[in-house]
file input-v1.cif (mmCIF, C-alpha atoms)
data_work
loop_
_atom_site.label_atom_id
_atom_site.label_comp_id
_atom_site.auth_asym_id
_atom_site.auth_seq_id
_atom_site.Cartn_x
_atom_site.Cartn_y
_atom_site.Cartn_z
CA MET T 93 -36.66 -2.89 24.45
CA SER T 94 -33.08 -3.97 23.89
CA THR T 95 -31.62 -5.43 20.74
CA GLN T 96 -29.12 -8.23 20.61
CA PRO T 97 -25.88 -7.61 18.72
CA SER T 98 -25.57 -9.58 15.53
CA ALA T 99 -23.09 -12.42 15.41
CA ALA T 100 -19.62 -11.29 14.38
CA THR T 101 -18.41 -12.45 11.00
CA THR T 102 -14.91 -13.67 10.36
CA ALA T 103 -13.09 -11.75 7.64
CA ASP T 104 -10.88 -13.54 5.16
CA PRO T 105 -7.19 -13.19 6.01
CA LEU T 106 -5.21 -10.87 3.79
CA LEU T 107 -2.52 -12.25 1.53
CA LEU T 108 -0.44 -9.34 2.80
CA ASP T 109 -0.67 -10.80 6.32
CA ALA T 110 0.87 -14.03 5.06
CA ALA T 111 3.64 -12.20 3.20
CA LEU T 112 4.57 -9.80 6.03
CA PRO T 113 2.54 -10.45 9.20
CA GLU T 114 4.86 -8.57 11.56
CA PHE T 115 6.10 -5.10 10.64
CA ARG T 116 7.37 -1.94 12.28
CA PHE T 117 6.63 0.70 9.63
CA SER T 118 3.54 1.18 7.47
CA ARG T 119 1.38 3.55 5.44
CA LEU T 120 -2.24 2.89 4.49
CA GLU T 121 -4.27 5.00 2.07
CA CYS T 122 -7.76 4.35 0.69
CA ALA T 123 -10.22 5.81 -1.80
CA ALA T 124 -13.89 5.34 -2.65
CA ILE T 125 -14.18 4.91 -6.42
CA ALA T 126 -17.31 5.19 -8.55
CA ALA T 127 -16.76 1.91 -10.38
CA ALA T 128 -17.45 -1.79 -9.86
CA PRO T 129 -14.83 -3.87 -7.99
CA ASP T 130 -13.79 -5.77 -11.13
CA ALA T 131 -13.13 -2.50 -12.98
CA VAL T 132 -11.15 -1.10 -10.05
CA TYR T 133 -9.09 -4.26 -9.70
CA GLY T 134 -8.32 -4.29 -13.41
CA ALA T 135 -7.20 -0.67 -13.27
CA ALA T 136 -5.00 -1.38 -10.25
CA ARG T 137 -3.44 -4.36 -11.98
CA ASP T 138 -2.73 -2.32 -15.11
CA LEU T 139 -1.35 0.69 -13.23
CA ASP T 140 1.89 2.05 -14.64
CA MET T 141 3.65 3.71 -11.72
CA LEU T 142 5.54 5.94 -14.15
CA SER T 143 2.24 7.45 -15.31
CA ILE T 144 1.65 9.09 -11.92
CA HIS T 145 2.37 12.80 -12.02
CA SER T 146 1.94 15.63 -9.58
CA PRO T 147 4.43 18.33 -8.59
CA LEU T 148 5.27 16.66 -5.28
CA PHE T 149 5.37 13.14 -6.72
CA ASP T 150 7.70 14.25 -9.50
CA VAL T 151 10.01 15.81 -6.91
CA VAL T 152 10.04 12.54 -4.94
CA MET T 153 10.89 10.50 -8.04
CA TRP T 154 13.55 13.02 -9.16
CA ALA T 155 15.17 12.99 -5.71
CA ARG T 156 15.67 9.23 -5.88
CA GLY T 157 18.04 9.76 -8.82
CA VAL T 158 20.15 12.46 -7.15
CA PRO T 159 22.95 10.11 -5.93
CA ASP T 160 23.51 8.82 -9.48
CA ARG T 161 23.46 12.36 -10.86
CA VAL T 162 26.06 13.46 -8.31
CA ARG T 163 28.30 10.59 -9.40
CA ARG T 164 27.59 11.47 -13.05
CA ARG T 165 26.03 8.09 -13.64
CA PRO T 166 23.11 7.75 -16.05
CA VAL T 167 19.73 7.61 -14.31
CA VAL T 168 18.08 4.58 -15.87
CA THR T 169 14.31 4.89 -16.24
CA PRO T 170 12.45 1.78 -17.45
CA PRO T 171 9.82 2.26 -20.18
CA SER T 172 7.08 1.26 -17.75
CA MET T 173 6.53 -0.03 -14.22
CA ARG T 174 3.24 -1.91 -14.49
CA VAL T 175 1.98 -3.84 -11.49
CA SER T 176 0.70 -6.61 -13.78
CA ASP T 177 4.23 -7.22 -15.12
CA LEU T 178 5.21 -8.68 -11.75
CA VAL T 179 2.52 -11.36 -12.08
CA ASP T 180 2.33 -11.98 -15.81
CA THR T 181 6.01 -11.98 -16.82
CA ASP T 182 7.66 -15.37 -16.43
CA GLN T 183 11.23 -14.34 -17.22
CA ARG T 184 12.59 -11.38 -15.27
CA ASP T 185 15.95 -9.65 -15.13
CA GLU T 186 16.89 -10.32 -11.53
CA GLU T 187 19.20 -7.33 -11.23
CA ALA T 188 16.82 -4.87 -12.88
CA GLN T 189 13.67 -6.00 -11.10
CA PRO T 190 13.94 -6.70 -7.36
CA TRP T 191 10.16 -6.44 -6.89
CA VAL T 192 8.31 -9.76 -7.04
CA ALA T 193 4.67 -10.82 -6.88
CA LEU T 194 3.85 -12.30 -3.47
CA GLY T 195 0.28 -13.37 -4.12
CA GLU T 196 -2.90 -12.62 -5.99
CA ARG T 197 -6.57 -13.26 -5.27
CA ALA T 198 -8.11 -12.35 -8.61
CA GLY T 199 -10.52 -9.43 -8.40
CA ARG T 200 -9.70 -8.84 -4.75
CA GLU T 201 -6.04 -8.53 -3.74
CA LEU T 202 -2.60 -8.20 -5.31
CA VAL T 203 0.58 -8.28 -3.20
CA PHE T 204 4.16 -7.49 -4.21
CA GLY T 205 7.38 -6.93 -2.33
CA ALA T 206 11.13 -6.41 -2.35
CA VAL T 207 14.16 -6.60 -0.06
CA GLY T 208 16.68 -3.79 0.00
CA LYS T 209 18.90 -1.37 1.88
CA VAL T 210 16.85 1.65 0.87
CA TRP T 211 18.56 3.98 3.33
CA LYS T 212 21.77 3.93 1.27
CA PRO T 213 22.49 6.81 -1.16
CA THR T 214 22.22 4.26 -3.97
CA ILE T 215 19.74 1.58 -2.97
CA GLU T 216 21.18 -1.92 -2.67
CA TRP T 217 18.63 -4.56 -3.61
CA ARG T 218 18.59 -8.24 -2.67
CA ARG T 219 16.59 -10.40 -5.05
CA VAL T 220 14.42 -12.78 -2.98
CA GLU T 221 12.08 -15.19 -4.73
CA PRO T 222 8.39 -15.14 -3.74
CA GLY T 223 8.50 -18.47 -1.93
CA ASP T 224 11.42 -17.32 0.23
CA PHE T 225 10.15 -13.83 1.06
CA ALA T 226 8.14 -14.53 4.23
CA GLY T 227 10.96 -16.53 5.81
CA PHE T 228 13.84 -14.29 4.74
CA GLU T 229 15.81 -13.29 7.85
CA GLU T 230 19.34 -12.46 6.65
CA PRO T 231 20.57 -9.56 8.84
CA GLY T 232 20.99 -6.08 7.44
CA TRP T 233 17.95 -5.78 5.18
CA ALA T 234 14.51 -4.18 4.98
CA LYS T 235 11.63 -6.35 3.75
CA MET T 236 8.96 -4.27 2.03
CA ALA T 237 5.54 -5.55 0.99
CA ALA T 238 2.61 -3.67 -0.50
CA ALA T 239 -0.91 -4.59 -1.55
CA PHE T 240 -3.93 -3.32 -3.40
CA VAL T 241 -7.17 -4.64 -1.91
CA VAL T 242 -10.61 -3.97 -3.43
CA HIS T 243 -13.85 -4.08 -1.44
CA PRO T 244 -17.44 -3.57 -2.65
CA TYR T 245 -18.74 -0.27 -1.27
CA GLY T 246 -22.51 -0.01 -1.60
CA GLU T 247 -24.13 -0.86 -4.91
CA GLN T 248 -22.21 1.37 -7.30
CA ARG T 249 -18.82 2.06 -5.75
CA SER T 250 -15.69 0.27 -4.55
CA LEU T 251 -13.26 0.92 -1.75
CA LEU T 252 -9.62 0.51 -2.75
CA THR T 253 -6.85 0.32 -0.16
CA TYR T 254 -3.13 0.59 -0.83
CA GLU T 255 -0.97 -0.50 2.09
CA ALA T 256 2.82 -0.54 2.33
CA ARG T 257 4.60 -2.36 5.16
CA THR T 258 8.25 -2.69 6.12
CA ALA T 259 10.02 -4.99 8.57
CA CYS T 260 13.78 -5.10 9.09
CA THR T 261 15.80 -8.20 9.82
CA ASP T 262 17.88 -6.97 12.78
CA PRO T 263 17.99 -4.05 15.25
CA ALA T 264 20.73 -2.16 13.38
CA SER T 265 18.81 -2.15 10.09
CA THR T 266 15.63 -1.23 11.97
CA ALA T 267 17.40 1.85 13.37
CA ARG T 268 18.76 2.81 9.95
CA PHE T 269 15.41 2.38 8.27
CA GLY T 270 13.70 4.29 11.08
CA ARG T 271 15.82 7.36 10.39
CA TYR T 272 15.17 7.00 6.67
CA TRP T 273 11.43 6.52 7.25
CA THR T 274 11.18 9.74 9.24
CA LEU T 275 12.31 11.61 6.11
CA VAL T 276 10.47 9.70 3.39
CA SER T 277 7.16 8.69 5.01
CA PRO T 278 5.35 11.83 3.73
CA GLY T 279 6.69 11.10 0.24
CA VAL T 280 5.47 7.51 0.45
CA GLY T 281 2.02 8.86 1.24
CA ILE T 282 2.21 11.04 -1.88
CA VAL T 283 3.09 8.01 -4.00
CA LEU T 284 0.27 5.89 -2.56
CA ARG T 285 -2.34 8.62 -3.00
CA GLY T 286 -1.11 9.35 -6.51
CA ALA T 287 -1.52 5.69 -7.40
CA LEU T 288 -5.06 5.64 -6.00
CA ARG T 289 -6.00 8.73 -8.01
CA ALA T 290 -4.61 7.21 -11.22
CA ILE T 291 -6.53 3.98 -10.63
CA ALA T 292 -9.75 5.89 -9.89
CA VAL T 293 -9.46 7.91 -13.11
CA ALA T 294 -8.86 4.77 -15.20
CA ALA T 295 -11.62 2.69 -13.54
CA GLU T 296 -14.24 5.43 -13.68
CA ALA T 297 -13.42 6.21 -17.32
CA GLY T 298 -13.75 2.52 -18.13
CA GLU T 299 -17.15 2.36 -16.47
CA ARG T 300 -18.40 5.36 -18.45
CA SER T 301 -17.28 3.84 -21.74
CA THR T 302 -19.19 0.58 -21.23
#
call {"tool": "encode", "arguments": {"input": "input-v1.cif", "output": "structure tokens"}}
result
Amino acid sequence: MSTQPSAATTADPLLLDAALPEFRFSRLECAAIAAAPDAVYGAARDLDMLSIHSPLFDVVMWARGVPDRVRRRPVVTPPSMRVSDLVDTDQRDEEAQPWVALGERAGRELVFGAVGKVWKPTIEWRRVEPGDFAGFEEPGWAKMAAAFVVHPYGEQRSLLTYEARTACTDPASTARFGRYWTLVSPGVGIVLRGALRAIAVAAEAGERST
């Protein structure tokens, strides 16, 4: 007796696909979290990237300030780097904050991105407004977009993905970023996994307290 395959369902498109549908470089990490999707999404939205600590992550963050230290410039550290600030803050310092919110589907997906020459010893940023991000094609830049996406996972858990994508605007910048990516890709994985761990701890603690 044979069984007929069930009809395929069509998944909702990701907001990340609209922001950066074509890309050359990417990292994707995921975690199963013992908390409801709403709790996980809230924890992801409230994540302070500066609260993530592990020996390797701290080395990665310290290394980013080395060029300024060599030049004896002060290494400016903001008081916080909350994901929600990108969405909830109306007035932003364009020079201090190149990252912008690229879309949100409440309780499901949050997308943010930036444009920069990250391969330089001191990163050069190019402020691009959210509505211009997808169509930005000025040569010489890397377009970076990242997203948290929450999925129900059984009855009592959630699956959280954190994906980072990069596309460059011309062959020369693609080559430069490719060399840079070879060096930093493992560190990017550390950052993504550290963020997932921090979100899991916050979401699971919130579930236990309710």
call {"tool": "residues_around", "arguments": {"input": "input-v1.cif", "residues": "range 204-218 of chain T", "least_positions_apart": "3", "cutoff": "9 Å", "atoms": "all atoms listed in the file", "output": "PyMOL selection string"}}
result
chain T and resi 108+111+156-160+175+178-179+187+190-196+222+225+232-239+265+268-269+271-273
call {"tool": "atom_distance", "arguments": {"input": "input-v1.cif", "atom1": "CA of Pro113 in chain T", "atom2": "CA of Arg249 in chain T"}}
result
28.9 Å
call {"tool": "atom_distance", "arguments": {"input": "input-v1.cif", "atom1": "CA of Ala127 in chain T", "atom2": "CA of Thr253 in chain T"}}
result
14.3 Å
call {"tool": "axis_aligned_box", "arguments": {"input": "input-v1.cif", "around": "range 221-231 of chain T", "padding_each_side": "3 Å", "output": "AutoDock Vina command-line options"}}
result
--center_x 14.4 --center_y -14.0 --center_z 2.1 --size_x 18.4 --size_y 14.9 --size_z 19.6
call {"tool": "resolve_selection", "arguments": {"input": "input-v1.cif", "expression": "the PyMOL selection byres ((chain T and resi 278) around 12)", "output": "list in words"}}
result
Ser118, Arg119, Leu120, Glu121, Leu148, Phe149, Val152, Tyr272, Trp273, Thr274, Leu275, Val276, Ser277, Gly279, Val280, Gly281, Ile282, Val283, Leu284 and Arg285 of chain T
call {"tool": "atom_distance", "arguments": {"input": "input-v1.cif", "atom1": "CA of Gly298 in chain T", "atom2": "CA of Cys122 in chain T"}}
result
19.8 Å
call {"tool": "residues_around", "arguments": {"input": "input-v1.cif", "residues": "Asp104 in chain T", "least_positions_apart": "5", "cutoff": "12 Å", "atoms": "only C-alpha atoms", "output": "VMD selection string"}}
result
chain T and resid 109 to 110 197 200 to 201 241 243
call {"tool": "residues_near_point", "arguments": {"input": "input-v1.cif", "point": "(2.3, -4.3, -12.2)", "cutoff": "7 Å", "atoms": "all atoms listed in the file", "output": "list in words"}}
result
Arg137, Asp138, Leu139, Asp140, Met173, Arg174, Val175, Ser176, Asp177 and Leu178 of chain T
call {"tool": "residues_around", "arguments": {"input": "input-v1.cif", "residues": "Tyr133 in chain T", "least_positions_apart": "6", "cutoff": "9 Å", "atoms": "only C-alpha atoms", "output": "NGL selection string"}}
result
:T and (198-202 or 240-242 or 252 or 291 or 295)
call {"tool": "resolve_selection", "arguments": {"input": "input-v1.cif", "expression": "the PyMOL selection byres ((chain T and resi 248) around 8)", "output": "number ranges by chain"}}
result
T: 126-128, 245-247, 249-250
